[in-house]
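Trainee: What follows is the file coords.csv, containing CSV, C-alpha atoms:
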```
chain,number,residue,atom,x,y,z
A,1,MET,CA,89.4,84.4,121.2
A,2,THR,CA,85.7,83.5,121.1
A,3,SER,CA,84.1,85.6,118.5
A,4,GLU,CA,81.7,83.8,116.2
A,5,ARG,CA,82.2,84.6,112.5
A,6,ASP,CA,79.8,83.7,109.8
A,7,GLU,CA,81.0,82.5,106.5
A,8,PRO,CA,78.7,83.1,103.6
A,9,ALA,CA,76.6,80.2,102.4
A,10,LEU,CA,78.3,78.1,99.8
A,11,ASN,CA,75.5,78.8,97.3
A,12,ALA,CA,75.1,82.5,98.0
A,13,GLY,CA,74.5,84.9,95.2
A,14,GLU,CA,77.2,87.3,94.2
A,15,ARG,CA,76.1,90.3,96.4
A,16,GLU,CA,75.5,88.1,99.5
A,17,MET,CA,78.8,86.4,98.9
A,18,LEU,CA,80.8,89.6,98.6
A,19,GLU,CA,79.1,91.2,101.6
A,20,GLY,CA,79.4,87.9,103.6
A,21,TRP,CA,83.2,87.6,103.0
A,22,LEU,CA,83.7,91.3,103.8
A,23,ASP,CA,81.8,90.9,107.1
A,24,PHE,CA,83.7,87.7,107.8
A,25,HIS,CA,87.0,89.5,107.5
A,26,ARG,CA,85.8,92.5,109.5
A,27,GLN,CA,84.8,90.1,112.3
A,28,THR,CA,88.2,88.4,112.0
A,29,LEU,CA,90.1,91.6,112.7
A,30,ILE,CA,88.0,92.4,115.7
A,31,ALA,CA,88.4,88.8,117.0
A,32,LYS,CA,92.2,89.1,116.8
A,33,CYS,CA,91.9,92.0,119.3
A,34,GLU,CA,89.5,90.4,121.8
A,35,GLY,CA,90.7,89.9,125.3
A,36,LEU,CA,93.8,92.2,125.1
A,37,THR,CA,94.5,95.3,127.1
A,38,ASP,CA,95.0,98.7,125.5
A,39,GLU,CA,98.7,98.3,126.2
A,40,GLN,CA,98.8,95.0,124.4
A,41,LEU,CA,96.9,96.3,121.5
A,42,ARG,CA,99.4,99.2,121.2
A,43,THR,CA,102.3,96.7,121.3
A,44,ALA,CA,104.4,96.6,118.2
A,45,SER,CA,105.4,93.0,118.7
A,46,VAL,CA,107.3,92.3,115.5
A,47,PRO,CA,110.3,94.7,115.5
A,48,PRO,CA,111.4,96.7,113.7
A,49,SER,CA,107.9,97.2,112.5
A,50,GLU,CA,105.7,99.7,114.3
A,51,LEU,CA,102.6,97.8,113.3
A,52,THR,CA,100.1,97.1,116.1
A,53,LEU,CA,96.6,95.6,116.4
A,54,LEU,CA,95.2,98.9,117.4
A,55,GLY,CA,96.8,100.6,114.4
A,56,LEU,CA,95.3,98.0,112.1
A,57,VAL,CA,91.8,98.6,113.5
A,58,ARG,CA,92.3,102.4,113.1
A,59,HIS,CA,93.7,101.9,109.6
A,60,MET,CA,90.7,99.8,108.5
A,61,ALA,CA,88.3,102.5,109.8
A,62,GLU,CA,90.2,104.9,107.6
A,63,VAL,CA,90.0,102.5,104.6
A,64,GLU,CA,86.3,101.9,105.1
A,65,ARG,CA,85.7,105.6,105.1
A,66,PHE,CA,87.9,106.3,102.1
A,67,TRP,CA,86.5,103.6,99.7
A,68,PHE,CA,82.8,103.6,100.6
A,69,HIS,CA,82.3,107.3,101.3
A,70,GLU,CA,85.0,109.3,99.6
A,71,VAL,CA,85.6,107.2,96.5
A,72,MET,CA,82.1,105.7,96.0
A,73,LEU,CA,80.0,108.6,97.0
A,74,ASP,CA,82.4,111.6,96.7
A,75,GLU,CA,81.8,112.7,100.2
A,76,ASP,CA,84.4,115.1,101.5
A,77,LEU,CA,85.1,113.7,105.0
A,78,ASP,CA,87.8,114.5,107.4
A,79,VAL,CA,90.3,111.8,107.9
A,80,LEU,CA,90.1,110.0,111.2
A,81,TYR,CA,93.8,109.6,112.1
A,82,CYS,CA,95.9,110.7,109.2
A,83,SER,CA,97.0,114.2,108.2
A,84,GLU,CA,99.2,115.9,105.7
A,85,ASP,CA,101.9,115.9,108.4
A,86,ASP,CA,101.4,112.2,109.2
A,87,ALA,CA,100.0,110.2,106.3
A,88,ASP,CA,100.3,107.0,108.4
A,89,GLY,CA,98.7,108.5,111.5
A,90,ASP,CA,96.3,105.6,111.8
A,91,PHE,CA,99.3,103.3,112.5
A,92,HIS,CA,101.1,105.7,114.9
A,93,VAL,CA,99.4,105.0,118.2
A,94,THR,CA,100.2,106.6,121.5
A,95,GLU,CA,99.5,105.9,125.1
A,96,ALA,CA,96.4,108.0,124.8
A,97,ASP,CA,94.9,105.8,122.1
A,98,THR,CA,92.3,103.3,123.3
A,99,TRP,CA,90.5,100.2,122.0
A,100,GLU,CA,87.2,101.8,123.0
A,101,GLU,CA,87.8,104.7,120.7
A,102,ALA,CA,89.3,102.7,117.8
A,103,TYR,CA,86.6,100.1,117.9
A,104,ALA,CA,83.8,102.8,118.0
A,105,ALA,CA,85.4,104.5,115.0
A,106,HIS,CA,85.7,101.2,113.1
A,107,ARG,CA,82.1,100.2,114.0
A,108,ALA,CA,80.8,103.6,112.9
A,109,GLU,CA,82.5,103.3,109.5
A,110,VAL,CA,81.3,99.8,108.9
A,111,ASP,CA,77.8,100.7,109.8
A,112,ARG,CA,77.9,103.7,107.5
A,113,ALA,CA,79.3,101.6,104.7
A,114,ARG,CA,76.5,99.1,105.0
A,115,ARG,CA,73.9,101.8,105.2
A,116,ASP,CA,75.3,103.7,102.2
A,117,THR,CA,75.7,100.7,99.9
A,118,ALA,CA,72.4,99.0,100.7
A,119,GLY,CA,70.3,98.8,97.6
A,120,ARG,CA,73.1,100.0,95.2
A,121,SER,CA,73.9,97.9,92.2
A,122,LEU,CA,77.3,96.1,92.2
A,123,ASP,CA,77.7,97.7,88.8
A,124,GLU,CA,77.2,101.2,90.1
A,125,LEU,CA,80.2,103.4,89.4
A,126,SER,CA,82.0,105.4,92.0
A,127,ARG,CA,81.7,109.2,91.7
A,128,ARG,CA,85.5,109.6,92.1
A,129,THR,CA,88.0,108.1,89.6
A,130,ASP,CA,91.3,106.3,89.9
A,131,ARG,CA,94.4,108.3,90.6
A,132,ALA,CA,95.0,108.9,86.8
A,133,GLY,CA,91.5,110.4,86.6
A,134,LYS,CA,90.5,108.0,83.9
A,135,GLU,CA,88.3,105.3,85.3
A,136,HIS,CA,85.6,104.9,87.9
A,137,PHE,CA,85.4,101.9,90.2
A,138,THR,CA,82.4,99.6,90.4
A,139,LEU,CA,80.9,98.9,93.8
A,140,ARG,CA,81.8,95.2,93.0
A,141,TRP,CA,85.5,96.3,92.6
A,142,ILE,CA,85.4,98.1,96.0
A,143,TYR,CA,83.9,95.1,97.8
A,144,THR,CA,86.6,92.9,96.3
A,145,HIS,CA,89.3,95.3,97.2
A,146,MET,CA,88.1,95.6,100.7
A,147,ILE,CA,88.1,91.8,101.1
A,148,GLU,CA,91.7,91.8,99.9
A,149,GLU,CA,92.6,94.6,102.2
A,150,TYR,CA,91.2,93.0,105.3
A,151,ALA,CA,92.6,89.5,104.4
A,152,ARG,CA,96.1,91.0,104.0
A,153,HIS,CA,95.9,92.8,107.3
A,154,ASN,CA,94.3,89.9,109.1
A,155,GLY,CA,97.5,88.0,108.2
A,156,HIS,CA,99.4,90.7,109.9
A,157,ALA,CA,97.0,90.5,112.9
A,158,ASP,CA,97.6,86.8,113.1
A,159,LEU,CA,101.3,87.3,113.6
A,160,LEU,CA,100.9,90.2,116.0
A,161,ARG,CA,98.5,88.4,118.2
A,162,GLU,CA,100.5,85.2,118.3
A,163,ARG,CA,103.6,87.2,119.4
A,164,ILE,CA,101.6,89.1,122.1
A,165,ASP,CA,100.1,86.1,123.9
A,166,GLY,CA,100.5,83.0,121.8
A,167,SER,CA,96.9,82.9,120.5
A,168,THR,CA,96.5,81.4,117.1
A,169,GLY,CA,93.5,80.7,115.0
A,170,ALA,CA,90.2,82.6,114.3
```
Take the structure from the file and write it as structure tokens.
Mentor:
Amino acid sequence: MTSERDEPALNAGEREMLEGWLDFHRQTLIAKCEGLTDEQLRTASVPPSELTLLGLVRHMAEVERFWFHEVMLDEDLDVLYCSEDDADGDFHVTEADTWEEAYAAHRAEVDRARRDTAGRSLDELSRRTDRAGKEHFTLRWIYTHMIEEYARHNGHADLLRERIDGSTGA
């Protein structure tokens, strides 16, 4: 694994720090997938779990779309991989699913998230509310949640990658 990841400056401001750590974790997930074949990326290497690296990338594309576009901006977007019949469709990969497609979907969602949040205040409230319909999320909360989401799944990616080819680190 050779991807360069940039940690935010130690003295960065709040916005730069949140965006920096989110980008760092986005880059980490992609780095965990580098150099593997589609078959390896589709490998559920920690039975009995069905979790795969490709599934994690697809999942995070869905998560980016959900939080930054559906929750923050109240955009009514189709899901990428999930459906009413398969709520975990992002994790259910088949032989037809490829890195090229999953990476492109992830990249598109990250780019859209960056574009749509640029210039917004961290205190700006989401247009959608929590599940109880009571509270709105701040953009700050969404950034923090996304960092947590990536960090948790990057831990999964560490284990999957090590099991696939022995690679550790990054």
Trainee: Extract, using only C-alpha atoms, all DNA, RNA and protein residues at most 10 Å from stretch 135-138 of chain A, discarding same-chain residues fewer than 2 positions from it, and format them as a PyMOL selection string.
Mentor: chain A and resi 67+71-72+121-133+140-144
Trainee: Name the residues in contact with A:Lys32 at a cut-off of 7 Å, using all atoms listed in the file, excluding same-chain residues fewer than 6 positions from it; report them as an MDAnalysis selection string.
Mentor: chainID A and resid 157:158 161
Trainee: Find the residues around A:Val79 up to 12 Å (all atoms listed in the file counted), leave out those fewer than 4 positions away in its own chain, and share them as a list in words.
Mentor: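 Returned residues: Arg58, His59, Ala61, Glu62, Val63, Glu64, Arg65, Phe66, His69, Glu70, Glu75, Ser83, Glu84, Asp86, Ala87, Asp88, Gly89, Asp90, Ala105 and Glu109 of chain A.
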Trainee: Have a look at A:Ala96, A:Lys134, A:Trp21, A:Asp78 and name the one nearest to A:Glu148; count all atoms listed in the file.
Mentor: A:Trp21
Trainee: When you draw a straight line from atom CA of A:Leu18 to atom CA of A:Arg115, how long is it in Å?
Mentor: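 One can read the atom CA of A:Leu18 to atom CA of A:Arg115 distance as 15.5 Å.
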Trainee: Between atom CA of A:Leu139 and atom CA of A:Arg15, measure the distance and give it in Å to one decimal.
Mentor: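 Separation of atom CA of A:Leu139 and atom CA of A:Arg15: 10.2 Å.
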Trainee: Kindly give the distance, in Å, that separates atom CA of A:Met17 and atom CA of A:Ser167, rounded to a single decimal.
Mentor: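 Going from atom CA of A:Met17 over to atom CA of A:Ser167, I get 28.4 Å.
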Trainee: Closest to A:Ala102 among A:Leu77, A:Val57, A:Leu41, A:Val46, using all atoms listed in the file?
Mentor: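 With all atoms listed in the file as the atom set, the closest residue is A:Val57.
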Trainee: Taking (100.4, 93.2, 120.4) in the file's own coordinates, collect the residues within 9 Å, counting all atoms listed in the file, and hand them back as a PyMOL selection string.
Mentor: chain A and resi 33+36+39-46+51-54+157+160-165
Trainee: Ranking A:Ala151, A:Leu159, A:Val93, A:Leu56 by minimum distance to A:Thr28 and counting all atoms listed in the file, which one comes first?
Mentor: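 Between A:Ala151, A:Leu159, A:Val93, A:Leu56, the residue approaching A:Thr28 most closely is A:Ala151.
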Trainee: How would stretch 90-107 of chain A read, as a PDB file, in the coordinates of the input, once N, CA, C and O atoms are built in?
Mentor:
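Writing the result to rebuild37.pdb gives the following:
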```pdb
ATOM      1  N   ASP A  90      97.139 106.686 111.267  1.00  0.00           N
ATOM      2  CA  ASP A  90      96.300 105.600 111.800  1.00  0.00           C
ATOM      3  C   ASP A  90      97.178 104.505 112.421  1.00  0.00           C
ATOM      4  O   ASP A  90      96.771 103.875 113.388  1.00  0.00           O
ATOM      5  N   PHE A  91      98.399 104.338 111.943  1.00  0.00           N
ATOM      6  CA  PHE A  91      99.300 103.300 112.500  1.00  0.00           C
ATOM      7  C   PHE A  91     100.137 103.855 113.663  1.00  0.00           C
ATOM      8  O   PHE A  91     100.725 103.070 114.398  1.00  0.00           O
ATOM      9  N   HIS A  92     100.214 105.149 113.822  1.00  0.00           N
ATOM     10  CA  HIS A  92     101.100 105.700 114.900  1.00  0.00           C
ATOM     11  C   HIS A  92     100.237 105.952 116.139  1.00  0.00           C
ATOM     12  O   HIS A  92      99.699 107.029 116.388  1.00  0.00           O
ATOM     13  N   VAL A  93     100.158 104.923 116.951  1.00  0.00           N
ATOM     14  CA  VAL A  93      99.400 105.000 118.200  1.00  0.00           C
ATOM     15  C   VAL A  93     100.221 105.502 119.333  1.00  0.00           C
ATOM     16  O   VAL A  93     101.443 105.340 119.338  1.00  0.00           O
ATOM     17  N   THR A  94      99.543 106.116 120.275  1.00  0.00           N
ATOM     18  CA  THR A  94     100.200 106.600 121.500  1.00  0.00           C
ATOM     19  C   THR A  94      99.547 106.031 122.702  1.00  0.00           C
ATOM     20  O   THR A  94      98.531 105.330 122.602  1.00  0.00           O
ATOM     21  N   GLU A  95     100.094 106.347 123.843  1.00  0.00           N
ATOM     22  CA  GLU A  95      99.500 105.900 125.100  1.00  0.00           C
ATOM     23  C   GLU A  95      98.089 106.344 125.318  1.00  0.00           C
ATOM     24  O   GLU A  95      97.318 105.725 126.040  1.00  0.00           O
ATOM     25  N   ALA A  96      97.734 107.451 124.681  1.00  0.00           N
ATOM     26  CA  ALA A  96      96.400 108.000 124.800  1.00  0.00           C
ATOM     27  C   ALA A  96      95.351 107.284 123.980  1.00  0.00           C
ATOM     28  O   ALA A  96      94.146 107.429 124.204  1.00  0.00           O
ATOM     29  N   ASP A  97      95.788 106.503 123.007  1.00  0.00           N
ATOM     30  CA  ASP A  97      94.900 105.800 122.100  1.00  0.00           C
ATOM     31  C   ASP A  97      94.316 104.562 122.749  1.00  0.00           C
ATOM     32  O   ASP A  97      95.064 103.778 123.333  1.00  0.00           O
ATOM     33  N   THR A  98      92.995 104.365 122.620  1.00  0.00           N
ATOM     34  CA  THR A  98      92.300 103.300 123.300  1.00  0.00           C
ATOM     35  C   THR A  98      91.564 102.372 122.329  1.00  0.00           C
ATOM     36  O   THR A  98      91.168 102.801 121.247  1.00  0.00           O
ATOM     37  N   TRP A  99      91.349 101.145 122.776  1.00  0.00           N
ATOM     38  CA  TRP A  99      90.500 100.200 122.000  1.00  0.00           C
ATOM     39  C   TRP A  99      89.103 100.754 121.906  1.00  0.00           C
ATOM     40  O   TRP A  99      88.493 100.677 120.831  1.00  0.00           O
ATOM     41  N   GLU A 100      88.575 101.286 122.988  1.00  0.00           N
ATOM     42  CA  GLU A 100      87.200 101.800 123.000  1.00  0.00           C
ATOM     43  C   GLU A 100      86.993 102.796 121.845  1.00  0.00           C
ATOM     44  O   GLU A 100      86.026 102.713 121.089  1.00  0.00           O
ATOM     45  N   GLU A 101      87.915 103.721 121.704  1.00  0.00           N
ATOM     46  CA  GLU A 101      87.800 104.700 120.700  1.00  0.00           C
ATOM     47  C   GLU A 101      87.987 104.142 119.278  1.00  0.00           C
ATOM     48  O   GLU A 101      87.209 104.405 118.352  1.00  0.00           O
ATOM     49  N   ALA A 102      89.007 103.324 119.096  1.00  0.00           N
ATOM     50  CA  ALA A 102      89.300 102.700 117.800  1.00  0.00           C
ATOM     51  C   ALA A 102      88.160 101.812 117.344  1.00  0.00           C
ATOM     52  O   ALA A 102      87.740 101.844 116.182  1.00  0.00           O
ATOM     53  N   TYR A 103      87.666 101.004 118.256  1.00  0.00           N
ATOM     54  CA  TYR A 103      86.600 100.100 117.900  1.00  0.00           C
ATOM     55  C   TYR A 103      85.314 100.879 117.564  1.00  0.00           C
ATOM     56  O   TYR A 103      84.619 100.533 116.597  1.00  0.00           O
ATOM     57  N   ALA A 104      85.013 101.939 118.311  1.00  0.00           N
ATOM     58  CA  ALA A 104      83.800 102.800 118.000  1.00  0.00           C
ATOM     59  C   ALA A 104      83.964 103.411 116.629  1.00  0.00           C
ATOM     60  O   ALA A 104      82.991 103.458 115.866  1.00  0.00           O
ATOM     61  N   ALA A 105      85.151 103.899 116.293  1.00  0.00           N
ATOM     62  CA  ALA A 105      85.400 104.500 115.000  1.00  0.00           C
ATOM     63  C   ALA A 105      85.203 103.461 113.878  1.00  0.00           C
ATOM     64  O   ALA A 105      84.543 103.715 112.856  1.00  0.00           O
ATOM     65  N   HIS A 106      85.784 102.289 114.071  1.00  0.00           N
ATOM     66  CA  HIS A 106      85.700 101.200 113.100  1.00  0.00           C
ATOM     67  C   HIS A 106      84.211 100.807 112.918  1.00  0.00           C
ATOM     68  O   HIS A 106      83.701 100.695 111.797  1.00  0.00           O
ATOM     69  N   ARG A 107      83.532 100.583 114.031  1.00  0.00           N
ATOM     70  CA  ARG A 107      82.100 100.200 114.000  1.00  0.00           C
ATOM     71  C   ARG A 107      81.279 101.214 113.260  1.00  0.00           C
ATOM     72  O   ARG A 107      80.418 100.888 112.446  1.00  0.00           O
TER      73      ARG A 107
END
```
